[in-house]
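One structure below.
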Amino acid sequence: MIENTESLLPKGDLRAFTLGIEDESLNELDRLLHTLDVTVATRVCAPVRRITAGTYFGTGKLEELRLQAEAASEPIDVFVLDVELTPRQMQNIEKSLGKPVLDRAGVILEIFSRHAKTREAKTQVELAKLQYVLPRLAHLWSHFERQRGGGVGNKGMGEKQIEVDRRLVKRRIQILRERLKEIEKERTVQRTSRTDLLKVAIVGYTNAGKSTLLNALTESKVLAEDKLFATLDSTVRALNPDSHPPVVAIDTVGFIQRIPTGLIASFRSTLEEIQEADLIVHVVDASSSQAKEQYQTTCEVLAELGCGEKEKMVVLNKVDLLQTPAQINSSKLIYPGATRLSAFDPPAVIRLRDQILNHFKTKMEVWELIIPYHEGKLQAQIQEFGSITQTRYLEKGVFLQVKLDSGIARKLGVQRFATGVLD
């Protein structure tokens, strides 16, 4: 049985031969492999005019790659292809090359698997990984047989064992789906407890510096590493404990081009934090040569989540890494009018925090309310989330003139007790 802890890659220090059809995407694949501590020994960019059904790349190209790998000064352990392969294509390519083969989706899944820390993230990743593994069991057994070794004449695991494992994987998938439903219920309760708060979702391409910016904005210590997908779970922190109305910032999992669909489905409960947000802060790595494309990729994912029309603030991060006037000018074209900063520049971060808080202050309305005396909880919430300018005690209840954010006003349902809204 393939356990969720079983790596999709062969064990040990690995030297990879990477193959892709676009140079920039291949660069990203190399960074993904670096995150897995895999050394990229050789890389080839080979545009494909027509995809070959059985092997994606033509047999001539595969033979060329096999000979190139054999001629390498040090052994190649694995071929990693910067495309998404069908199970049959993966199996055929491995037969042609004589080495383990992994595609882009498998690499991303392996990173998620190693970086998952919480119960929710581990469950989500294991489910996505087993959904990826299930149709590829026959192919993946060849990886694991190599890892285990075996004497001459061994016949391998056999069709019967693969069928047993297929049933076990299906059963495990069903268990994980049920477990995820329970976790989603818990997360819904957690979100419900924050319905009275204004929420800012920090989103962006992986490694754009979201967690670093969250730490700087909230003076917290969320894990932040210079690696792709360093954090997978949403993290909630108060933007400023003394602000009125209270605002929390939520860090979210990073996006990437051609992310496996199973991962998007598995992480939907986490991504729902974005749907609940009152403001999206879209962080872009201004120092990346693919900043514009990464910005567009994130926008596409937001649109898929139904968040394309939400209010958004774009932040160009890592401007301290821009070295030349050409780079600086190019970064300004990513999103004209965006806030430009480095998350390591405290004055710039403070200005961004004030900008976020002012965004909500400009949406505050002046309400005149009469709160019945038995609605003590609501009165306490109004005092917590609003700025009261007048208070009078009447026979029917407490008269309040208060400044409230329009979103908070809707969430609290103060309209029921309004005598008017003043401009």
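Identifiers in this document derive from the order of the structure tokens: chains are assigned A, B, ..., residues are numbered from 1 separately in each chain, and ligands are numbered from 1 in order of occurrence.
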Which residues come within 12 Å of region 325-332 of chain A, counting only C-alpha atoms, excluding same-chain residues fewer than 6 positions away, as a VMD selection string? chain A and resid 284 to 292 295 314 to 319 338 to 341
Save the residues we just selected, N, CA and C atoms, as a tab-separated table (two decimals), in the first residue's frame?
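The resulting file, part27.tsv, is reproduced below:
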```
chain	number	residue	atom	x	y	z
A	284	VAL	N	2.45	41.24	-5.15
A	284	VAL	CA	3.17	40.83	-6.36
A	284	VAL	C	4.67	40.99	-6.12
A	285	ASP	N	5.44	40.00	-6.53
A	285	ASP	CA	6.91	40.08	-6.44
A	285	ASP	C	7.41	40.97	-7.58
A	286	ALA	N	7.69	42.23	-7.26
A	286	ALA	CA	8.10	43.18	-8.30
A	286	ALA	C	9.44	42.82	-8.91
A	287	SER	N	10.25	42.02	-8.20
A	287	SER	CA	11.60	41.69	-8.70
A	287	SER	C	11.58	40.53	-9.69
A	288	SER	N	10.44	39.84	-9.82
A	288	SER	CA	10.37	38.69	-10.72
A	288	SER	C	10.26	39.15	-12.17
A	289	SER	N	10.96	38.46	-13.05
A	289	SER	CA	10.86	38.77	-14.48
A	289	SER	C	9.49	38.39	-15.03
A	290	GLN	N	8.75	37.57	-14.26
A	290	GLN	CA	7.42	37.13	-14.67
A	290	GLN	C	6.33	37.77	-13.82
A	291	ALA	N	6.63	38.95	-13.25
A	291	ALA	CA	5.69	39.60	-12.32
A	291	ALA	C	4.32	39.83	-12.96
A	292	LYS	N	4.30	40.30	-14.20
A	292	LYS	CA	3.04	40.59	-14.87
A	292	LYS	C	2.22	39.31	-15.05
A	295	TYR	N	0.91	38.14	-11.70
A	295	TYR	CA	-0.24	38.97	-11.32
A	295	TYR	C	-1.50	38.47	-12.03
A	314	VAL	N	-3.46	46.52	-4.71
A	314	VAL	CA	-2.28	45.84	-5.26
A	314	VAL	C	-1.02	46.40	-4.62
A	315	VAL	N	-0.16	45.48	-4.14
A	315	VAL	CA	1.10	45.87	-3.49
A	315	VAL	C	2.25	45.21	-4.25
A	316	LEU	N	3.15	46.03	-4.77
A	316	LEU	CA	4.36	45.52	-5.42
A	316	LEU	C	5.44	45.40	-4.35
A	317	ASN	N	5.75	44.15	-3.97
A	317	ASN	CA	6.71	43.87	-2.91
A	317	ASN	C	8.11	43.64	-3.50
A	318	LYS	N	9.11	43.66	-2.64
A	318	LYS	CA	10.51	43.37	-3.00
A	318	LYS	C	11.10	44.42	-3.94
A	319	VAL	N	10.66	45.67	-3.83
A	319	VAL	CA	11.22	46.72	-4.70
A	319	VAL	C	12.67	47.00	-4.35
A	338	ALA	N	-0.18	51.03	-8.12
A	338	ALA	CA	0.00	50.09	-7.02
A	338	ALA	C	0.93	50.68	-5.96
A	339	THR	N	0.78	50.21	-4.72
A	339	THR	CA	1.69	50.58	-3.64
A	339	THR	C	2.99	49.81	-3.81
A	340	ARG	N	4.11	50.51	-3.80
A	340	ARG	CA	5.42	49.87	-4.00
A	340	ARG	C	6.19	49.93	-2.69
A	341	LEU	N	6.70	48.76	-2.24
A	341	LEU	CA	7.42	48.74	-0.96
A	341	LEU	C	8.28	47.49	-0.85
```
Determine which residues of region 165-391 of chain A receive a DSSP assignment of strand (DSSP E or B), computed from the backbone, and state them as an mmCIF file with N, CA and C atoms, in the first residue's frame.
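This went into result_2.cif:
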```
data_model
loop_
_atom_site.group_PDB
_atom_site.id
_atom_site.type_symbol
_atom_site.label_atom_id
_atom_site.label_comp_id
_atom_site.auth_asym_id
_atom_site.auth_seq_id
_atom_site.Cartn_x
_atom_site.Cartn_y
_atom_site.Cartn_z
ATOM 1 N N LEU A 198 -13.807 42.999 10.341
ATOM 2 C CA LEU A 198 -13.454 43.298 8.953
ATOM 3 C C LEU A 198 -12.215 42.485 8.605
ATOM 4 N N LYS A 199 -12.229 41.846 7.454
ATOM 5 C CA LYS A 199 -11.159 40.918 7.094
ATOM 6 C C LYS A 199 -10.444 41.378 5.830
ATOM 7 N N VAL A 200 -9.105 41.321 5.897
ATOM 8 C CA VAL A 200 -8.248 41.631 4.753
ATOM 9 C C VAL A 200 -7.522 40.349 4.365
ATOM 10 N N ALA A 201 -7.765 39.835 3.169
ATOM 11 C CA ALA A 201 -7.091 38.628 2.695
ATOM 12 C C ALA A 201 -5.845 39.022 1.912
ATOM 13 N N ILE A 202 -4.696 38.486 2.340
ATOM 14 C CA ILE A 202 -3.434 38.741 1.631
ATOM 15 C C ILE A 202 -3.227 37.587 0.652
ATOM 16 N N VAL A 203 -3.284 37.885 -0.636
ATOM 17 C CA VAL A 203 -3.188 36.854 -1.661
ATOM 18 C C VAL A 203 -2.029 37.181 -2.603
ATOM 19 N N GLY A 204 -1.677 36.199 -3.420
ATOM 20 C CA GLY A 204 -0.628 36.438 -4.402
ATOM 21 C C GLY A 204 0.009 35.147 -4.860
ATOM 22 N N TYR A 205 0.899 35.286 -5.808
ATOM 23 C CA TYR A 205 1.649 34.148 -6.342
ATOM 24 C C TYR A 205 2.556 33.613 -5.249
ATOM 25 N N THR A 235 -3.552 32.007 7.957
ATOM 26 C CA THR A 235 -3.197 32.498 9.281
ATOM 27 C C THR A 235 -3.896 33.824 9.511
ATOM 28 N N VAL A 236 -4.521 33.985 10.674
ATOM 29 C CA VAL A 236 -5.294 35.194 10.978
ATOM 30 C C VAL A 236 -4.607 35.968 12.090
ATOM 31 N N ARG A 237 -4.365 37.256 11.862
ATOM 32 C CA ARG A 237 -3.737 38.121 12.857
ATOM 33 C C ARG A 237 -4.435 39.482 12.851
ATOM 34 N N ALA A 238 -4.507 40.105 14.030
ATOM 35 C CA ALA A 238 -5.085 41.453 14.124
ATOM 36 C C ALA A 238 -4.159 42.447 13.431
ATOM 37 N N VAL A 247 -9.779 45.193 12.537
ATOM 38 C CA VAL A 247 -9.487 44.601 11.228
ATOM 39 C C VAL A 247 -8.487 43.468 11.426
ATOM 40 N N VAL A 248 -8.751 42.317 10.808
ATOM 41 C CA VAL A 248 -7.798 41.208 10.862
ATOM 42 C C VAL A 248 -7.249 40.953 9.467
ATOM 43 N N ALA A 249 -5.983 40.533 9.411
ATOM 44 C CA ALA A 249 -5.335 40.180 8.147
ATOM 45 C C ALA A 249 -5.208 38.664 8.079
ATOM 46 N N ILE A 250 -5.489 38.103 6.912
ATOM 47 C CA ILE A 250 -5.473 36.653 6.717
ATOM 48 C C ILE A 250 -4.488 36.308 5.618
ATOM 49 N N ASP A 251 -3.467 35.521 5.970
ATOM 50 C CA ASP A 251 -2.516 35.024 4.975
ATOM 51 C C ASP A 251 -3.110 33.773 4.335
ATOM 52 N N PHE A 255 -0.562 31.021 -5.020
ATOM 53 C CA PHE A 255 -1.024 30.461 -6.292
ATOM 54 C C PHE A 255 0.181 30.188 -7.193
ATOM 55 N N LEU A 279 -11.701 43.027 1.937
ATOM 56 C CA LEU A 279 -10.710 43.674 1.078
ATOM 57 C C LEU A 279 -9.635 42.658 0.739
ATOM 58 N N ILE A 280 -9.186 42.653 -0.508
ATOM 59 C CA ILE A 280 -8.085 41.779 -0.930
ATOM 60 C C ILE A 280 -6.836 42.623 -1.141
ATOM 61 N N VAL A 281 -5.755 42.239 -0.479
ATOM 62 C CA VAL A 281 -4.446 42.850 -0.724
ATOM 63 C C VAL A 281 -3.666 41.870 -1.592
ATOM 64 N N HIS A 282 -3.488 42.224 -2.845
ATOM 65 C CA HIS A 282 -2.840 41.359 -3.834
ATOM 66 C C HIS A 282 -1.351 41.697 -3.881
ATOM 67 N N VAL A 283 -0.518 40.791 -3.366
ATOM 68 C CA VAL A 283 0.932 41.017 -3.283
ATOM 69 C C VAL A 283 1.609 40.436 -4.518
ATOM 70 N N VAL A 284 2.450 41.242 -5.154
ATOM 71 C CA VAL A 284 3.168 40.831 -6.365
ATOM 72 C C VAL A 284 4.668 40.994 -6.120
ATOM 73 N N ASP A 285 5.442 39.998 -6.526
ATOM 74 C CA ASP A 285 6.906 40.082 -6.439
ATOM 75 C C ASP A 285 7.407 40.967 -7.581
ATOM 76 N N LYS A 312 -9.981 45.597 -4.167
ATOM 77 C CA LYS A 312 -8.621 45.063 -4.181
ATOM 78 C C LYS A 312 -7.609 46.196 -4.057
ATOM 79 N N MET A 313 -6.528 45.891 -3.359
ATOM 80 C CA MET A 313 -5.398 46.810 -3.242
ATOM 81 C C MET A 313 -4.156 46.038 -3.699
ATOM 82 N N VAL A 314 -3.459 46.525 -4.714
ATOM 83 C CA VAL A 314 -2.285 45.835 -5.256
ATOM 84 C C VAL A 314 -1.017 46.395 -4.621
ATOM 85 N N VAL A 315 -0.157 45.482 -4.136
ATOM 86 C CA VAL A 315 1.101 45.868 -3.490
ATOM 87 C C VAL A 315 2.247 45.214 -4.247
ATOM 88 N N LEU A 316 3.151 46.027 -4.769
ATOM 89 C CA LEU A 316 4.362 45.519 -5.415
ATOM 90 C C LEU A 316 5.441 45.395 -4.350
ATOM 91 N N ASN A 317 5.746 44.152 -3.967
ATOM 92 C CA ASN A 317 6.711 43.869 -2.908
ATOM 93 C C ASN A 317 8.109 43.635 -3.495
ATOM 94 N N THR A 339 0.780 50.207 -4.723
ATOM 95 C CA THR A 339 1.687 50.584 -3.643
ATOM 96 C C THR A 339 2.987 49.809 -3.810
ATOM 97 N N ARG A 340 4.109 50.511 -3.797
ATOM 98 C CA ARG A 340 5.417 49.874 -3.998
ATOM 99 C C ARG A 340 6.188 49.931 -2.687
ATOM 100 N N MET A 364 -17.065 54.462 6.544
ATOM 101 C CA MET A 364 -17.871 54.565 7.760
ATOM 102 C C MET A 364 -19.033 55.533 7.533
ATOM 103 N N GLU A 365 -20.182 55.158 8.049
ATOM 104 C CA GLU A 365 -21.382 55.979 7.964
ATOM 105 C C GLU A 365 -21.806 56.405 9.366
ATOM 106 N N VAL A 366 -22.480 57.522 9.464
ATOM 107 C CA VAL A 366 -22.995 57.987 10.750
ATOM 108 C C VAL A 366 -24.437 57.520 10.894
ATOM 109 N N TRP A 367 -24.666 56.704 11.928
ATOM 110 C CA TRP A 367 -25.992 56.147 12.183
ATOM 111 C C TRP A 367 -26.585 56.760 13.453
ATOM 112 N N GLU A 368 -27.897 56.960 13.433
ATOM 113 C CA GLU A 368 -28.629 57.285 14.653
ATOM 114 C C GLU A 368 -29.523 56.099 14.981
ATOM 115 N N LEU A 369 -29.313 55.517 16.169
ATOM 116 C CA LEU A 369 -29.961 54.264 16.527
ATOM 117 C C LEU A 369 -30.649 54.397 17.889
ATOM 118 N N ILE A 370 -31.710 53.661 18.053
ATOM 119 C CA ILE A 370 -32.307 53.468 19.378
ATOM 120 C C ILE A 370 -32.252 51.969 19.665
ATOM 121 N N ILE A 371 -31.355 51.576 20.598
ATOM 122 C CA ILE A 371 -31.139 50.180 20.920
ATOM 123 C C ILE A 371 -31.956 49.817 22.155
ATOM 124 N N SER A 387 -17.522 54.091 16.499
ATOM 125 C CA SER A 387 -17.081 55.274 17.248
ATOM 126 C C SER A 387 -18.320 56.077 17.634
ATOM 127 N N ILE A 388 -18.692 56.021 18.923
ATOM 128 C CA ILE A 388 -19.924 56.650 19.406
ATOM 129 C C ILE A 388 -19.674 58.131 19.690
ATOM 130 N N THR A 389 -20.500 58.994 19.097
ATOM 131 C CA THR A 389 -20.351 60.445 19.290
ATOM 132 C C THR A 389 -21.422 61.019 20.208
ATOM 133 N N GLN A 390 -22.560 60.319 20.336
ATOM 134 C CA GLN A 390 -23.617 60.782 21.247
ATOM 135 C C GLN A 390 -24.284 59.584 21.910
ATOM 136 N N THR A 391 -24.670 59.738 23.190
ATOM 137 C CA THR A 391 -25.413 58.706 23.912
ATOM 138 C C THR A 391 -26.493 59.386 24.753
#
```
Name the residues in contact with Asn27 (chain A) at a cut-off of 12 Å, using only C-alpha atoms, excluding same-chain residues fewer than 5 positions from it; report them as a PyMOL selection string. chain A and resi 18-22+32-34+40+43-45+82+288-290
Selection file, C-alpha atoms, as a compact mmCIF listing (two decimals), in the first residue's frame:
```txt
# COMPACT_ATOMS: atom_id res chain seq x y z
CA THR A 18 14.26 18.72 -16.48
CA LEU A 19 12.40 19.11 -19.75
CA GLY A 20 9.90 21.82 -20.63
CA ILE A 21 8.31 23.66 -23.52
CA GLU A 22 8.67 27.25 -22.18
CA LEU A 32 10.16 24.05 -7.33
CA LEU A 33 12.75 21.28 -7.39
CA HIS A 34 15.14 23.43 -5.35
CA VAL A 40 18.88 20.17 -11.51
CA ARG A 43 17.69 20.99 -18.50
CA VAL A 44 16.28 21.13 -22.00
CA CYS A 45 13.67 23.50 -23.40
CA ASP A 82 7.23 20.64 -16.96
CA SER A 288 10.37 38.69 -10.72
CA SER A 289 10.86 38.77 -14.48
CA GLN A 290 7.42 37.13 -14.67
```
Provide the CA of Gly54 (chain A) to CA of Leu263 (chain A) distance in Å, to one decimal place. 25.4 Å
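CA of Pro135 (chain A) lies 25.3 Å from CA of Val38 (chain A).
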Residue neighbourhood Gly58 (chain A), 12 Å, only C-alpha atoms, exclusion window fewer than 3 positions, as a PyMOL selection string: chain A and resi 46-55+61-65+89+92-93+96
C-alpha atoms of the current selection, written as a PDB file, in the first residue's frame:
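Output contents, as saved in selection_0.pdb:
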```
ATOM      1  CA  ALA A  46      11.931  21.815 -26.336  1.00  0.00           C
ATOM      2  CA  PRO A  47       8.800  23.521 -27.759  1.00  0.00           C
ATOM      3  CA  VAL A  48       6.221  21.015 -28.981  1.00  0.00           C
ATOM      4  CA  ARG A  49       4.390  21.699 -32.251  1.00  0.00           C
ATOM      5  CA  ARG A  50       2.050  18.755 -31.842  1.00  0.00           C
ATOM      6  CA  ILE A  51       1.507  16.654 -28.721  1.00  0.00           C
ATOM      7  CA  THR A  52       2.075  12.922 -29.255  1.00  0.00           C
ATOM      8  CA  ALA A  53      -0.838  11.053 -27.684  1.00  0.00           C
ATOM      9  CA  GLY A  54       1.142   8.229 -26.086  1.00  0.00           C
ATOM     10  CA  THR A  55       4.299  10.051 -24.977  1.00  0.00           C
ATOM     11  CA  LYS A  61      13.083  13.592 -28.735  1.00  0.00           C
ATOM     12  CA  LEU A  62      12.830  10.992 -25.965  1.00  0.00           C
ATOM     13  CA  GLU A  63      15.637   8.940 -27.491  1.00  0.00           C
ATOM     14  CA  GLU A  64      17.747  12.097 -27.728  1.00  0.00           C
ATOM     15  CA  LEU A  65      17.112  12.796 -24.033  1.00  0.00           C
ATOM     16  CA  GLN A  89       2.080   8.953 -21.049  1.00  0.00           C
ATOM     17  CA  ASN A  92       5.435   5.108 -21.712  1.00  0.00           C
ATOM     18  CA  ILE A  93       7.999   7.882 -21.165  1.00  0.00           C
ATOM     19  CA  SER A  96      11.615   4.995 -23.141  1.00  0.00           C
TER      20      SER A  96
END
```
Would you kindly return, as a VMD selection string, each protein, DNA or RNA residue with an atom no farther than 9 Å from any atom of region 376-380 of chain A, considering only C-alpha atoms and excluding same-chain residues fewer than 6 positions away? chain A and resid 398 412 414
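A straight line drawn from CA of Lys170 (chain A) to CA of Ile259 (chain A) is 22.8 Å long.
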Backbone DSSP call of helix (DSSP H, G or I) for region 147-393 of chain A, listed as a ChimeraX atom specification: /A:147-148,158-192,210-218,261-266,268-275,291-304,319-321,325-332,346-361,376-385
Got time to write the residues from that selection, C-alpha atoms, as a compact mmCIF listing (two decimals), in the first residue's frame?
```
# COMPACT_ATOMS: atom_id res chain seq x y z
CA GLN A 147 13.71 1.83 -3.91
CA ARG A 148 13.21 -1.55 -2.26
CA GLY A 158 2.19 -8.20 -9.68
CA GLU A 159 -1.24 -7.23 -10.94
CA LYS A 160 -2.99 -8.76 -7.94
CA GLN A 161 -1.14 -6.55 -5.45
CA ILE A 162 -1.88 -3.44 -7.52
CA GLU A 163 -5.59 -4.25 -7.48
CA VAL A 164 -5.48 -4.68 -3.70
CA ASP A 165 -3.76 -1.33 -3.35
CA ARG A 166 -6.26 0.30 -5.68
CA ARG A 167 -9.09 -0.76 -3.38
CA LEU A 168 -7.17 0.42 -0.31
CA VAL A 169 -6.47 3.81 -1.90
CA LYS A 170 -10.15 4.25 -2.80
CA ARG A 171 -11.15 3.40 0.77
CA ARG A 172 -8.60 5.86 2.15
CA ILE A 173 -9.87 8.60 -0.19
CA GLN A 174 -13.40 8.08 1.14
CA ILE A 175 -12.16 8.31 4.76
CA LEU A 176 -10.25 11.52 4.00
CA ARG A 177 -13.28 13.10 2.32
CA GLU A 178 -15.38 12.39 5.42
CA ARG A 179 -12.63 13.75 7.68
CA LEU A 180 -12.36 16.87 5.55
CA LYS A 181 -16.10 17.49 5.88
CA GLU A 182 -15.70 17.49 9.67
CA ILE A 183 -12.73 19.86 9.47
CA GLU A 184 -14.70 22.16 7.16
CA LYS A 185 -17.50 22.28 9.76
CA GLU A 186 -14.94 23.36 12.39
CA ARG A 187 -13.57 26.02 10.04
CA THR A 188 -17.09 27.30 9.38
CA VAL A 189 -17.57 27.72 13.14
CA GLN A 190 -14.25 29.60 13.33
CA ARG A 191 -15.28 31.88 10.48
CA THR A 192 -18.66 32.50 12.10
CA LYS A 210 2.83 37.36 1.65
CA SER A 211 3.85 35.81 4.98
CA THR A 212 6.73 38.26 5.40
CA LEU A 213 4.36 41.15 4.75
CA LEU A 214 1.81 39.71 7.20
CA ASN A 215 4.52 39.51 9.87
CA ALA A 216 5.52 43.12 9.22
CA LEU A 217 1.94 44.44 9.20
CA THR A 218 0.87 42.62 12.37
CA THR A 261 -7.03 20.77 -9.99
CA GLY A 262 -7.16 18.30 -7.10
CA LEU A 263 -5.26 20.74 -4.93
CA ILE A 264 -7.60 23.62 -5.72
CA ALA A 265 -10.58 21.40 -4.85
CA SER A 266 -8.95 20.13 -1.64
CA ARG A 268 -11.34 25.15 -1.27
CA SER A 269 -12.25 25.53 2.43
CA THR A 270 -9.01 27.43 3.02
CA LEU A 271 -9.55 29.58 -0.06
CA GLU A 272 -13.05 30.42 1.16
CA GLU A 273 -11.31 32.82 3.55
CA ILE A 274 -10.75 34.99 0.47
CA GLN A 275 -14.45 34.87 -0.41
CA ALA A 291 5.69 39.60 -12.32
CA LYS A 292 3.04 40.59 -14.87
CA GLU A 293 2.20 36.97 -15.69
CA GLN A 294 2.11 36.06 -11.98
CA TYR A 295 -0.24 38.97 -11.32
CA GLN A 296 -2.54 37.77 -14.10
CA THR A 297 -2.42 34.14 -12.88
CA THR A 298 -3.55 35.24 -9.41
CA CYS A 299 -6.34 37.35 -10.92
CA GLU A 300 -7.53 34.32 -12.90
CA VAL A 301 -7.64 32.14 -9.76
CA LEU A 302 -9.50 34.88 -7.88
CA ALA A 303 -12.03 35.03 -10.71
CA GLU A 304 -12.47 31.23 -10.52
CA VAL A 319 11.22 46.72 -4.70
CA ASP A 320 14.51 46.75 -2.77
CA LEU A 321 15.72 44.02 -5.16
CA PRO A 325 16.24 52.02 -13.87
CA ALA A 326 14.84 49.65 -16.51
CA GLN A 327 13.70 47.19 -13.81
CA ILE A 328 12.14 50.00 -11.78
CA ASN A 329 10.27 51.39 -14.78
CA SER A 330 9.14 47.91 -15.81
CA SER A 331 7.75 47.24 -12.33
CA LYS A 332 5.59 50.37 -12.52
CA PRO A 346 9.14 49.46 8.50
CA PRO A 347 8.06 53.02 7.52
CA ALA A 348 6.67 51.74 4.19
CA VAL A 349 4.82 48.92 5.96
CA ILE A 350 3.30 51.39 8.45
CA ARG A 351 2.10 53.54 5.55
CA LEU A 352 0.47 50.46 3.96
CA ARG A 353 -1.23 49.56 7.24
CA ASP A 354 -2.59 53.10 7.54
CA GLN A 355 -3.74 52.91 3.92
CA ILE A 356 -5.69 49.71 4.67
CA LEU A 357 -7.25 51.13 7.82
CA ASN A 358 -8.16 54.38 6.03
CA HIS A 359 -9.86 52.32 3.32
CA PHE A 360 -12.35 51.15 5.93
CA LYS A 361 -12.61 54.51 7.69
CA GLY A 376 -27.24 44.63 25.47
CA LYS A 377 -25.02 42.40 23.31
CA LEU A 378 -25.65 44.51 20.22
CA GLN A 379 -24.91 47.72 22.13
CA ALA A 380 -21.59 46.22 23.30
CA GLN A 381 -20.72 45.24 19.71
CA ILE A 382 -21.52 48.74 18.46
CA GLN A 383 -19.26 50.22 21.14
CA GLU A 384 -16.49 47.79 20.13
CA PHE A 385 -16.71 48.20 16.38
```
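Comparing the minimum interatomic distances between Ala16 (chain A) and each of A:Asp242, A:Asp278, A:Asp37, A:Glu28, counting only C-alpha atoms, we find that A:Asp37 sits nearest.
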